[in-house]
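**Q** Okay, so here is entry.cif, and as you'll see once you scroll down, it has mmCIF, C-alpha atoms.
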data_entry
#
loop_
_atom_site.label_atom_id
_atom_site.label_comp_id
_atom_site.auth_asym_id
_atom_site.auth_seq_id
_atom_site.Cartn_x
_atom_site.Cartn_y
_atom_site.Cartn_z
CA MET A 1 111.61 147.23 61.16
CA PRO A 2 113.07 150.74 61.54
CA LEU A 3 112.91 152.29 64.94
CA THR A 4 110.23 154.83 65.61
CA PHE A 5 111.04 158.29 66.82
CA GLU A 6 109.77 157.39 70.27
CA GLU A 7 112.05 154.39 70.44
CA ARG A 8 115.05 156.43 69.41
CA ILE A 9 114.20 159.06 71.97
CA SER A 10 113.80 156.41 74.63
CA GLU A 11 117.30 155.24 73.94
CA ASP A 12 118.79 158.73 74.01
CA LEU A 13 116.61 160.32 76.63
CA ASP A 14 119.02 160.11 79.53
CA ALA A 15 121.87 161.57 77.49
CA LEU A 16 119.63 164.34 76.19
CA PHE A 17 118.44 165.02 79.69
CA ALA A 18 122.06 165.43 80.78
CA GLY A 19 122.60 167.82 77.87
CA ALA A 20 119.50 169.83 78.72
CA ALA A 21 120.61 170.01 82.33
CA PHE A 22 124.02 171.30 81.27
CA LEU A 23 122.54 173.91 78.96
CA SER A 24 120.02 174.99 81.57
CA GLY A 25 122.74 175.30 84.16
CA GLY A 26 121.10 172.65 86.30
CA GLN A 27 117.78 174.46 86.61
CA GLU A 28 115.15 171.78 86.99
CA ALA A 29 112.27 173.55 85.28
CA GLY A 30 114.47 174.83 82.50
CA THR A 31 115.89 171.38 81.88
CA LYS A 32 112.47 169.83 81.58
CA SER A 33 110.97 172.48 79.36
CA LEU A 34 114.00 172.53 77.09
CA LEU A 35 113.94 168.78 76.68
CA VAL A 36 110.21 168.68 76.01
CA GLU A 37 110.45 171.50 73.51
CA ALA A 38 113.34 169.92 71.63
CA VAL A 39 111.73 166.49 71.48
CA SER A 40 108.36 167.87 70.40
CA CYS A 41 109.99 169.93 67.72
CA ALA A 42 112.07 167.01 66.48
CA SER A 43 109.13 164.61 66.30
CA SER A 44 107.70 166.32 63.24
CA GLU A 45 111.02 166.39 61.42
CA TYR A 46 112.22 162.90 62.18
CA HIS A 47 113.10 160.60 59.35
CA GLU A 48 113.55 156.96 60.19
CA ASP A 49 116.44 156.44 57.78
CA VAL A 50 118.99 158.16 59.99
CA ASP A 51 121.32 155.82 61.81
CA ALA A 52 121.71 155.85 65.56
CA GLY A 53 124.85 158.00 65.67
CA ALA A 54 123.44 160.54 63.26
CA PHE A 55 120.18 160.63 65.21
CA THR A 56 122.01 161.43 68.43
CA GLN A 57 123.91 164.28 66.82
CA TRP A 58 120.77 165.51 65.08
CA MET A 59 118.94 165.62 68.41
CA GLU A 60 121.84 167.41 70.07
CA GLY A 61 121.67 170.07 67.39
CA ILE A 62 117.94 170.48 67.91
CA LEU A 63 118.46 170.72 71.65
CA VAL A 64 120.99 173.50 71.23
CA ARG A 65 118.83 175.37 68.74
CA ALA A 66 115.86 175.12 71.10
CA PHE A 67 118.09 176.48 73.86
CA LEU A 68 119.25 179.37 71.71
CA ALA A 69 115.81 180.13 70.27
CA PRO A 70 114.58 183.71 70.81
CA SER A 71 112.07 182.66 73.46
CA SER A 72 114.61 180.65 75.41
CA ALA A 73 116.98 181.59 78.18
CA GLY A 74 119.81 180.63 75.87
CA ALA A 75 119.04 183.58 73.63
CA VAL A 76 120.21 186.02 76.25
CA PRO A 77 123.29 187.73 74.80
CA ALA A 78 126.59 186.68 76.27
CA LYS A 79 127.86 188.91 79.01
CA ARG A 80 130.91 190.91 78.10
CA ALA A 81 133.79 189.34 79.89
CA ALA A 82 137.16 190.73 80.72
CA ASP A 83 139.57 189.40 78.15
CA SER A 84 142.56 187.87 79.77
CA SER A 85 145.31 185.79 78.27
CA LYS A 86 144.89 183.07 80.79
CA GLN A 87 145.01 179.43 79.88
CA SER A 88 143.44 177.11 82.38
CA ARG A 89 146.01 175.75 84.84
CA VAL A 90 143.67 173.08 86.11
CA ARG A 91 145.53 169.82 86.51
CA PRO A 92 143.99 166.90 84.63
CA GLU A 93 143.91 164.82 87.79
CA ASP A 94 141.71 167.45 89.44
CA PHE A 95 138.81 166.22 87.33
CA ARG A 96 138.94 162.75 88.84
CA SER A 97 136.84 163.51 91.86
CA ILE A 98 134.25 165.81 90.36
CA ALA A 99 130.53 165.12 90.49
CA TRP A 100 127.71 165.92 88.09
CA ALA A 101 126.76 168.91 90.23
CA ASN A 102 130.21 170.45 89.68
CA ILE A 103 129.68 170.39 85.94
CA VAL A 104 126.22 171.91 85.82
CA ARG A 105 127.10 174.51 88.44
CA ALA A 106 130.11 175.56 86.43
CA ALA A 107 127.98 175.67 83.28
CA ALA A 108 125.47 177.91 85.05
CA GLY A 109 128.18 180.51 85.61
CA LEU A 110 128.88 180.91 81.92
CA PRO A 111 127.12 182.94 79.26
CA ALA A 112 124.45 180.82 77.61
CA GLN A 113 125.97 180.82 74.15
CA SER A 114 129.33 179.78 75.50
CA ARG A 115 127.64 176.99 77.38
CA ALA A 116 126.12 175.72 74.15
CA ALA A 117 129.44 175.95 72.31
CA LEU A 118 131.35 174.21 75.07
CA TRP A 119 128.78 171.46 75.32
CA LEU A 120 128.83 170.71 71.62
CA VAL A 121 132.57 170.97 71.10
CA LEU A 122 134.15 169.91 74.37
CA LEU A 123 131.66 167.43 75.68
CA ARG A 124 129.91 166.08 72.61
CA ARG A 125 132.97 166.24 70.38
CA TRP A 126 131.46 168.16 67.52
CA SER A 127 133.79 169.69 64.98
CA TYR A 128 134.10 173.46 65.06
CA GLN A 129 132.44 173.70 61.69
CA ASP A 130 129.44 171.55 62.65
CA ALA A 131 129.01 173.35 65.96
CA ALA A 132 129.11 176.77 64.33
CA SER A 133 126.59 175.63 61.78
CA ALA A 134 124.24 174.21 64.43
CA MET A 135 124.43 177.45 66.37
CA ASP A 136 124.06 179.51 63.22
CA ILE A 137 127.20 181.52 63.86
CA ASP A 138 130.50 181.87 62.06
CA LEU A 139 133.68 180.12 63.06
CA ASP A 140 135.25 183.22 64.59
CA SER A 141 132.24 183.68 66.84
CA LEU A 142 132.46 180.06 67.89
CA ARG A 143 136.15 180.43 68.68
CA GLY A 144 135.28 183.42 70.82
CA LEU A 145 132.67 181.47 72.74
CA LEU A 146 135.10 178.63 73.33
CA THR A 147 137.50 180.95 75.12
CA TYR A 148 135.29 180.40 78.17
CA ARG A 149 136.83 176.96 78.46
CA ALA A 150 139.22 178.14 81.17
CA ALA A 151 136.38 179.62 83.21
CA PHE A 152 134.43 176.42 82.81
CA PHE A 153 137.31 174.19 83.84
CA GLU A 154 138.08 176.22 86.89
CA GLY A 155 134.42 176.32 87.78
CA VAL A 156 134.21 172.55 87.53
CA VAL A 157 137.17 172.06 89.82
CA THR A 158 136.59 174.84 92.32
CA GLY A 159 132.81 174.77 92.33
CA THR A 160 132.33 178.21 90.84
CA ALA A 161 132.70 179.60 87.38
CA ASP A 162 134.05 183.08 86.89
CA SER A 163 132.86 184.11 83.47
CA GLY A 164 135.42 186.87 83.42
CA VAL A 165 138.15 184.35 82.87
CA ARG A 166 138.73 183.63 79.24
CA GLU A 167 141.25 181.47 77.56
CA THR A 168 143.58 182.23 74.73
CA GLY A 169 146.46 180.47 73.11
CA SER A 170 149.71 181.73 71.76
CA MET B 171 151.33 177.24 63.30
CA ASP B 172 150.06 178.65 66.58
CA CYS B 173 148.31 176.91 69.46
CA LEU B 174 144.77 177.87 68.51
CA ARG B 175 145.18 176.71 64.95
CA ALA B 176 146.85 173.45 65.97
CA ARG B 177 144.14 172.61 68.48
CA GLU B 178 141.38 173.33 66.01
CA GLU B 179 143.13 171.36 63.28
CA LEU B 180 143.33 168.30 65.50
CA TRP B 181 139.85 168.57 66.96
CA PRO B 182 138.43 166.26 68.14
CA PRO B 183 141.73 164.57 68.96
CA GLU B 184 140.37 161.04 69.18
CA ARG B 185 139.02 161.13 65.62
CA PRO B 186 141.42 159.82 62.95
CA LYS B 187 142.76 162.49 60.65
CA LEU B 188 143.98 162.39 57.12
CA CYS B 189 147.72 162.78 56.89
CA GLU B 190 147.58 166.19 55.34
CA ALA B 191 150.25 168.81 55.66
CA ASP B 192 148.23 170.97 58.08
CA VAL B 193 147.53 168.02 60.31
CA GLU B 194 151.18 167.04 60.39
CA ARG B 195 152.20 170.57 61.23
CA ALA B 196 149.58 170.70 63.97
CA GLN B 197 150.79 167.43 65.45
CA ALA B 198 154.38 168.64 65.34
CA HIS B 199 153.34 171.83 67.12
CA VAL B 200 151.51 169.98 69.87
CA GLU B 201 154.40 167.61 70.46
CA ALA B 202 156.68 170.55 71.01
CA CYS B 203 154.27 172.73 72.98
CA GLU B 204 153.75 172.19 76.71
CA GLU B 205 150.66 174.41 76.72
CA CYS B 206 148.99 172.34 74.04
CA LYS B 207 149.94 169.10 75.76
CA LEU B 208 148.30 170.39 78.91
CA TYR B 209 145.30 171.56 76.89
CA PHE B 210 144.67 168.10 75.44
CA ALA B 211 145.39 166.37 78.74
CA GLN B 212 142.81 168.59 80.44
CA ASP B 213 140.39 167.91 77.66
CA ARG B 214 140.77 164.15 77.97
CA ALA B 215 140.41 164.28 81.73
CA LEU B 216 137.27 166.40 81.53
CA LEU B 217 135.74 164.13 78.93
CA ASP B 218 136.43 161.05 81.02
CA ALA B 219 134.89 162.76 84.02
CA TYR B 220 131.87 163.88 82.05
CA ASP B 221 131.26 160.41 80.68
CA ARG B 222 131.52 159.04 84.18
CA VAL B 223 129.20 161.48 85.93
CA ARG B 224 126.65 162.27 83.23
CA ARG B 225 125.00 158.91 83.60
CA VAL B 226 122.10 160.59 85.25
CA ARG B 227 118.74 159.11 84.58
CA ALA B 228 115.94 161.38 83.45
CA PRO B 229 113.44 161.43 86.33
CA ARG B 230 110.14 159.68 85.84
CA GLU B 231 108.15 162.92 85.69
CA VAL B 232 110.42 164.24 82.96
CA ARG B 233 110.02 161.06 80.94
CA GLU B 234 106.28 161.26 81.39
CA GLU B 235 106.19 164.84 80.27
CA VAL B 236 108.31 164.13 77.21
CA PHE B 237 106.12 161.25 76.08
CA ASP B 238 102.94 163.14 76.86
CA ALA B 239 104.21 165.97 74.68
CA LEU B 240 104.97 163.45 71.95
CA ALA B 241 101.48 162.02 72.19
CA ARG B 242 100.02 165.51 71.86
CA ALA B 243 102.26 166.23 68.91
CA ARG B 244 101.09 163.02 67.26
CA LEU B 245 97.48 163.94 67.72
CA GLU B 246 98.09 167.37 66.25
CA GLN B 247 99.92 165.87 63.31
CA GLU B 248 97.10 163.41 62.73
CA GLY B 249 94.60 166.21 62.98
CA ALA B 250 96.53 168.22 60.45
CA GLY B 251 96.80 165.19 58.17
CA ARG B 252 100.57 165.20 58.19
CA LEU B 253 101.69 162.06 59.83
CA PRO B 254 105.41 161.67 59.86
CA GLN B 255 106.78 158.95 57.67
CA THR B 256 107.68 156.76 60.56
CA VAL B 257 104.06 156.43 61.58
CA SER B 258 102.40 156.16 58.23
CA ARG B 259 104.67 153.35 57.21
CA ARG B 260 103.99 151.42 60.27
CA GLY B 261 101.34 149.09 59.05
CA LEU B 262 102.29 146.45 61.46
CA ILE B 263 101.06 146.09 64.89
CA ALA B 264 102.55 143.25 66.52
CA VAL B 265 105.93 143.37 67.73
CA GLY B 266 107.35 141.68 70.64
CA VAL B 267 108.24 138.10 70.87
CA ALA B 268 107.60 136.32 74.07
CA LEU B 269 110.42 134.51 75.69
CA ALA B 270 110.83 130.80 75.16
CA ALA B 271 107.53 130.09 73.53
CA SER B 272 108.18 132.66 70.84
CA VAL B 273 104.68 133.84 71.19
CA THR B 274 103.93 136.77 69.03
CA LEU B 275 102.67 139.64 71.00
CA PHE B 276 99.95 141.62 69.59
CA ALA B 277 99.34 145.25 69.66
CA ALA B 278 96.17 146.79 70.82
CA VAL B 279 96.43 150.41 70.32
CA SER B 280 94.00 153.04 71.20
CA SER B 281 93.11 156.54 70.37
CA PHE B 282 94.32 158.51 73.31
CA GLY B 283 92.97 161.43 75.08
CA THR B 284 90.47 162.76 72.68
CA SER B 285 87.92 160.13 71.95
CA ASP B 286 86.26 157.08 73.30
CA VAL B 287 87.84 154.03 71.77
CA ALA B 288 84.52 152.21 71.73
CA SER B 289 83.14 154.75 69.32
CA VAL B 290 85.66 153.83 66.69
CA GLY B 291 84.09 151.11 64.64
CA ASP B 292 87.05 149.55 62.96
CA PRO B 293 89.63 148.03 65.26
CA GLY B 294 91.84 147.72 62.22
CA ILE B 295 92.72 151.37 62.45
CA PHE B 296 94.25 150.62 65.81
CA ALA B 297 96.01 147.67 64.34
CA GLU B 298 97.46 150.01 61.76
CA ASP B 299 99.04 151.95 64.52
CA TYR B 300 102.12 150.73 66.17
CA LEU B 301 103.40 149.39 69.36
CA ARG B 302 106.90 148.45 70.11
CA ARG B 303 108.63 147.48 73.24
CA ALA B 304 110.48 150.65 73.68
CA VAL B 305 112.65 151.02 76.65
CA GLY B 306 114.73 147.92 76.90
CA GLN B 307 116.09 148.73 80.30
CA ASP B 308 112.63 149.35 81.69
CA MET B 309 111.81 145.75 82.26
CA ILE B 310 111.58 143.37 85.15
CA VAL B 311 111.57 139.60 85.04
CA SER B 312 109.80 138.42 88.13
CA SER B 313 106.96 136.18 89.19
CA ASP B 314 106.38 138.24 92.30
CA PRO B 315 103.28 140.43 91.80
CA ARG B 316 104.41 142.82 94.53
CA GLU B 317 107.75 143.34 92.86
CA VAL B 318 106.06 143.93 89.52
CA ARG B 319 103.69 146.43 91.12
CA ARG B 320 106.58 148.31 92.70
CA PHE B 321 108.37 148.41 89.35
CA LEU B 322 105.33 149.82 87.57
CA GLN B 323 104.67 152.28 90.37
CA ARG B 324 108.22 153.54 90.07
CA GLU B 325 108.27 153.71 86.28
CA LEU B 326 104.76 154.95 85.60
CA GLY B 327 103.81 156.63 88.83
CA ARG B 328 100.64 154.58 89.00
CA SER B 329 99.52 151.71 91.07
CA LEU B 330 99.24 149.09 88.37
CA GLY B 331 99.70 145.46 89.18
CA PRO B 332 99.37 142.04 87.67
CA MET B 333 96.06 140.23 87.50
CA GLN B 334 95.90 137.59 90.17
CA LEU B 335 93.78 134.88 88.63
CA ALA B 336 94.01 131.12 88.85
CA GLY B 337 96.04 129.69 86.02
CA LEU B 338 97.93 132.88 85.32
CA GLU B 339 101.46 133.31 86.53
CA VAL B 340 103.17 136.62 85.99
CA GLU B 341 106.44 136.24 84.16
CA ARG B 342 107.71 139.74 83.46
CA ALA B 343 106.67 143.35 82.99
CA GLU B 344 107.92 146.02 80.66
CA ILE B 345 107.29 149.62 79.88
CA CYS B 346 105.76 149.89 76.44
CA LEU B 347 105.18 152.86 74.20
CA ILE B 348 101.89 153.18 72.41
CA ASN B 349 101.33 156.20 70.28
CA GLY B 350 103.94 157.99 72.30
CA ARG B 351 102.36 157.07 75.62
CA ARG B 352 104.09 154.95 78.17
CA GLY B 353 102.18 152.05 79.53
CA ALA B 354 102.66 148.66 81.09
CA LEU B 355 102.99 145.33 79.38
CA ILE B 356 102.63 142.40 81.74
CA VAL B 357 103.32 138.94 80.37
CA TYR B 358 101.85 135.85 82.00
CA LYS B 359 102.35 132.16 81.61
CA SER B 360 99.08 130.38 81.02
CA GLY B 361 99.18 126.65 80.52
CA GLY B 362 101.77 126.07 77.85
CA GLY B 363 101.42 129.50 76.34
CA SER B 364 101.73 133.13 77.11
CA ILE B 365 99.31 136.01 77.49
CA SER B 366 100.25 139.65 77.24
CA HIS B 367 98.28 142.34 79.02
CA TYR B 368 98.66 145.97 78.04
CA LEU B 369 97.62 148.76 80.37
CA VAL B 370 97.97 152.24 78.98
CA PRO B 371 96.92 155.28 80.99
CA SER B 372 94.72 157.65 79.02
CA GLU B 373 93.07 160.70 80.49
CA GLY B 374 89.34 161.03 80.10
CA LEU B 375 88.81 157.47 78.96
CA LYS B 376 85.44 155.98 79.79
CA ALA B 377 84.90 152.43 80.93
CA ARG B 378 84.16 149.97 78.16
CA ALA B 379 83.29 146.30 78.39
CA PRO B 380 85.71 143.70 77.04
CA SER B 381 85.17 142.68 73.45
CA VAL B 382 87.02 140.74 70.82
CA ALA B 383 88.35 143.49 68.64
CA ASP B 384 89.40 141.37 65.73
CA TYR B 385 91.66 138.65 64.56
CA HIS B 386 94.88 139.90 63.14
CA THR B 387 97.63 138.24 61.29
CA GLY B 388 100.93 138.31 63.06
CA PRO B 389 104.34 138.50 61.47
CA ALA B 390 104.51 134.72 61.23
CA GLY B 391 101.18 134.55 59.43
CA ASP B 392 99.37 133.21 62.45
CA ARG B 393 96.03 134.67 63.44
CA MET B 394 95.72 136.09 66.89
CA PRO B 395 92.73 137.18 68.88
CA LEU B 396 92.72 140.56 70.51
CA VAL B 397 90.47 141.63 73.33
CA THR B 398 90.26 145.26 74.34
CA TRP B 399 88.41 147.05 77.08
CA ALA B 400 88.76 150.11 79.20
CA THR B 401 88.46 151.06 82.78
CA PRO B 402 88.37 154.74 83.69
CA GLU B 403 91.62 156.34 82.58
CA LEU B 404 93.10 153.05 81.46
CA GLU B 405 93.03 151.40 78.04
CA GLN B 406 93.64 147.67 78.21
CA ALA B 407 94.21 144.82 75.81
CA LEU B 408 94.93 141.13 76.00
CA VAL B 409 96.57 138.99 73.40
CA GLY B 410 97.88 135.51 73.59
CA GLU B 411 97.98 132.00 72.38
CA VAL B 412 94.56 131.14 73.67
CA ARG B 413 91.03 131.18 72.34
CA PRO B 414 89.30 134.56 72.30
CA GLU B 415 86.68 133.25 74.70
CA GLU B 416 89.41 132.64 77.23
CA LEU B 417 90.79 136.13 76.75
CA LEU B 418 87.30 137.51 77.21
CA ARG B 419 86.88 135.54 80.39
CA ILE B 420 90.16 136.81 81.77
CA ALA B 421 89.35 140.38 80.76
CA ALA B 422 85.95 140.19 82.41
CA LEU B 423 87.45 138.84 85.62
CA SER B 424 90.11 141.49 85.51
CA ALA B 425 87.58 144.24 85.01
CA THR B 426 85.57 143.26 88.06
#
Mind turning this structure into structure tokens?
**A**
Amino acid sequence: MPLTFEERISEDLDALFAGAAFLSGGQEAGTKSLLVEAVSCASSEYHEDVDAGAFTQWMEGILVRAFLAPSSAGAVPAKRAADSSKQSRVRPEDFRSIAWANIVRAAAGLPAQSRAALWLVLLRRWSYQDAASAMDIDLDSLRGLLTYRAAFFEGVVTGTADSGVRETGS
Amino acid sequence: MDCLRAREELWPPERPKLCEADVERAQAHVEACEECKLYFAQDRALLDAYDRVRRVRAPREVREEVFDALARARLEQEGAGRLPQTVSRRGLIAVGVALAASVTLFAAVSSFGTSDVASVGDPGIFAEDYLRRAVGQDMIVSSDPREVRRFLQRELGRSLGPMQLAGLEVERAEICLINGRRGALIVYKSGGGSISHYLVPSEGLKARAPSVADYHTGPAGDRMPLVTWATPELEQALVGEVRPEELLRIAALSAT
């Protein structure tokens, strides 16, 4: 028997909660309302034929769209950041001792749209094309949002995120 | 090829790529570029850290709110006559299989929140609804009623506990999902068989005396009795491998 929407959500709820917490920058009320909104919205669109992996990605897309919806905090336009040519110098081993709080605190310091882009691409391993499509932006815009990677990394490691730090490549 | 292009071409790095010219050029660039090597090493380290620390569990109140919202959405969809496919197809009720005895569990499902179940004449419409054991990890195997009560208190935020009646020995408890609402399923050993007791919180529900709702045919073609009743705010059902009179007796004792 195919799984119901509720069963699928039960399986993914903790991961979606983590995603909502990241997008909401760790704000408790924002996390809860975002998760509830996304799940409620998805319940009417669910089709039981989707496999588990596709369902997870589908829900992640809905979560991001709910976050970026006009009534949501995620719709706030990204702050203009100073454009530097800095690439993150964080050492890979510096991530070994981080805690969940480091990640959400660093996310909170970033513009909302960048947060969504970084979550989809860096942490949920979406392709650039799929992420841009889910966020309803073009690829160049997505690339721009992903330049906050350096700020995010340094925020994760140092405990603060300076959204003025952007990352570029050669 | 520059760094940005190479990184994008190879993204996500753990996913196999077709050996196309652009991919080969990107790989060649990364192998020769210290910045890109650092970039992917950072990426891997962050991902490992994220996978390690993101195993946070959604708090009980968040889970409750999500499933309450789902229940409301279901009611609205039913009211608007646009049930999603997953529900309309679900003509089966019964679902779980008890442990060693392979007892088919039965589903008693109720109309939540808006109406008194007793006013609905045809129990079959409940049987048409669905019930599945939903949250595999939300389960406890224990014969200790206090432990089961603590588990249900933690998971549901309510003081629900096993019936303590002669001849019934609690075997396990699970969190079930009925119409998007989380409830308790407590399974007992009774003689050589098994009895399952569903307790599903439902706001505004009035008390209702136990009654045999119907016989239903389980997945194996066997016919199973179902007894339902309600106490304030709590819809309840019993199903098991015993005569309906016995289920009624247990329900009546439980309701007192």
**Q** Apply the PyMOL selection byres ((chain B and resi 196) around 9) to the displayed file and report the matching residues as an MDAnalysis selection string.
**A** chainID B and resid 171:173 175:180 191:195 197:201
**Q** Pull out every residue that the PyMOL selection byres ((chain B and resi 326-334) around 9) matches in the shown coordinates and put them as an MDAnalysis selection string.
**A** chainID B and resid 230:231 234 315:316 318:325 335:340 343 345 352:354 356:358 367 369 371 420 423:424
**Q** I'd like the interatomic distance between atom CA of Ser366 of chain B and atom CA of Val382 of chain B, to a tenth of an Å.
**A**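 If I compute the distance from atom CA of Ser366 of chain B to atom CA of Val382 of chain B, I get 14.7 Å.
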**Q** Identify which of the residues B:Val412, B:Ala211, B:Leu347, B:Ala422 lies closest to Thr398 of chain B, counting all atoms listed in the file when measuring atom-to-atom distances.
**A**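 For Thr398 of chain B, the nearest of the candidates is B:Ala422.
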**Q** If we count only C-alpha atoms, what is near Phe67 of chain A at a cut-off of 12 Å, once residues fewer than 4 positions away on the same chain are taken out, given as an NGL selection string?
**A** :A and (19-25 or 30-38 or 60-63 or 71-76 or 112-117 or 119 or 134-135)
**Q** At a cut-off of 8 Å, list the chain A residues touching chain B, using only C-alpha atoms, as a ChimeraX atom specification.
**A** /A:4-7,10-11,13-15,17-18,32,35-36,39-40,43-48,90-93,95-96,98-100,103,122-123,125-128,168-170
**Q** Would you kindly return, as a list in words, each protein, DNA or RNA residue with an atom no farther than 9 Å from any atom of Phe153 of chain A, considering only C-alpha atoms and excluding same-chain residues fewer than 2 positions away?
**A**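 So the residues in contact are Ser88, Arg89, Val90, Phe95, Ile103, Ala106, Tyr148, Arg149, Ala150, Ala151, Gly155, Val156, Val157, Thr158 and Ala161 of chain A; Gln212 and Leu216 of chain B.
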**Q** Have a look at atom CA of Gln129 of chain A and atom CA of Ser141 of chain A and let me know their distance in Å, one decimal.
**A**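 Straight-line distance from atom CA of Gln129 of chain A to atom CA of Ser141 of chain A works out to 11.2 Å.
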**Q** So how far away is atom CA of Arg8 of chain A from atom CA of Ala52 of chain A, in Å?
**A**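 Separating atom CA of Ala52 of chain A from atom CA of Arg8 of chain A is a distance of 7.7 Å.
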**Q** Between A:Asp94, A:Asp130, A:Asp51, A:Asp138, which has the minimum distance to Leu3 of chain A (counting only C-alpha atoms)?
**A**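 Comparing A:Asp94, A:Asp130, A:Asp51, A:Asp138 against Leu3 of chain A, the winner is A:Asp51.
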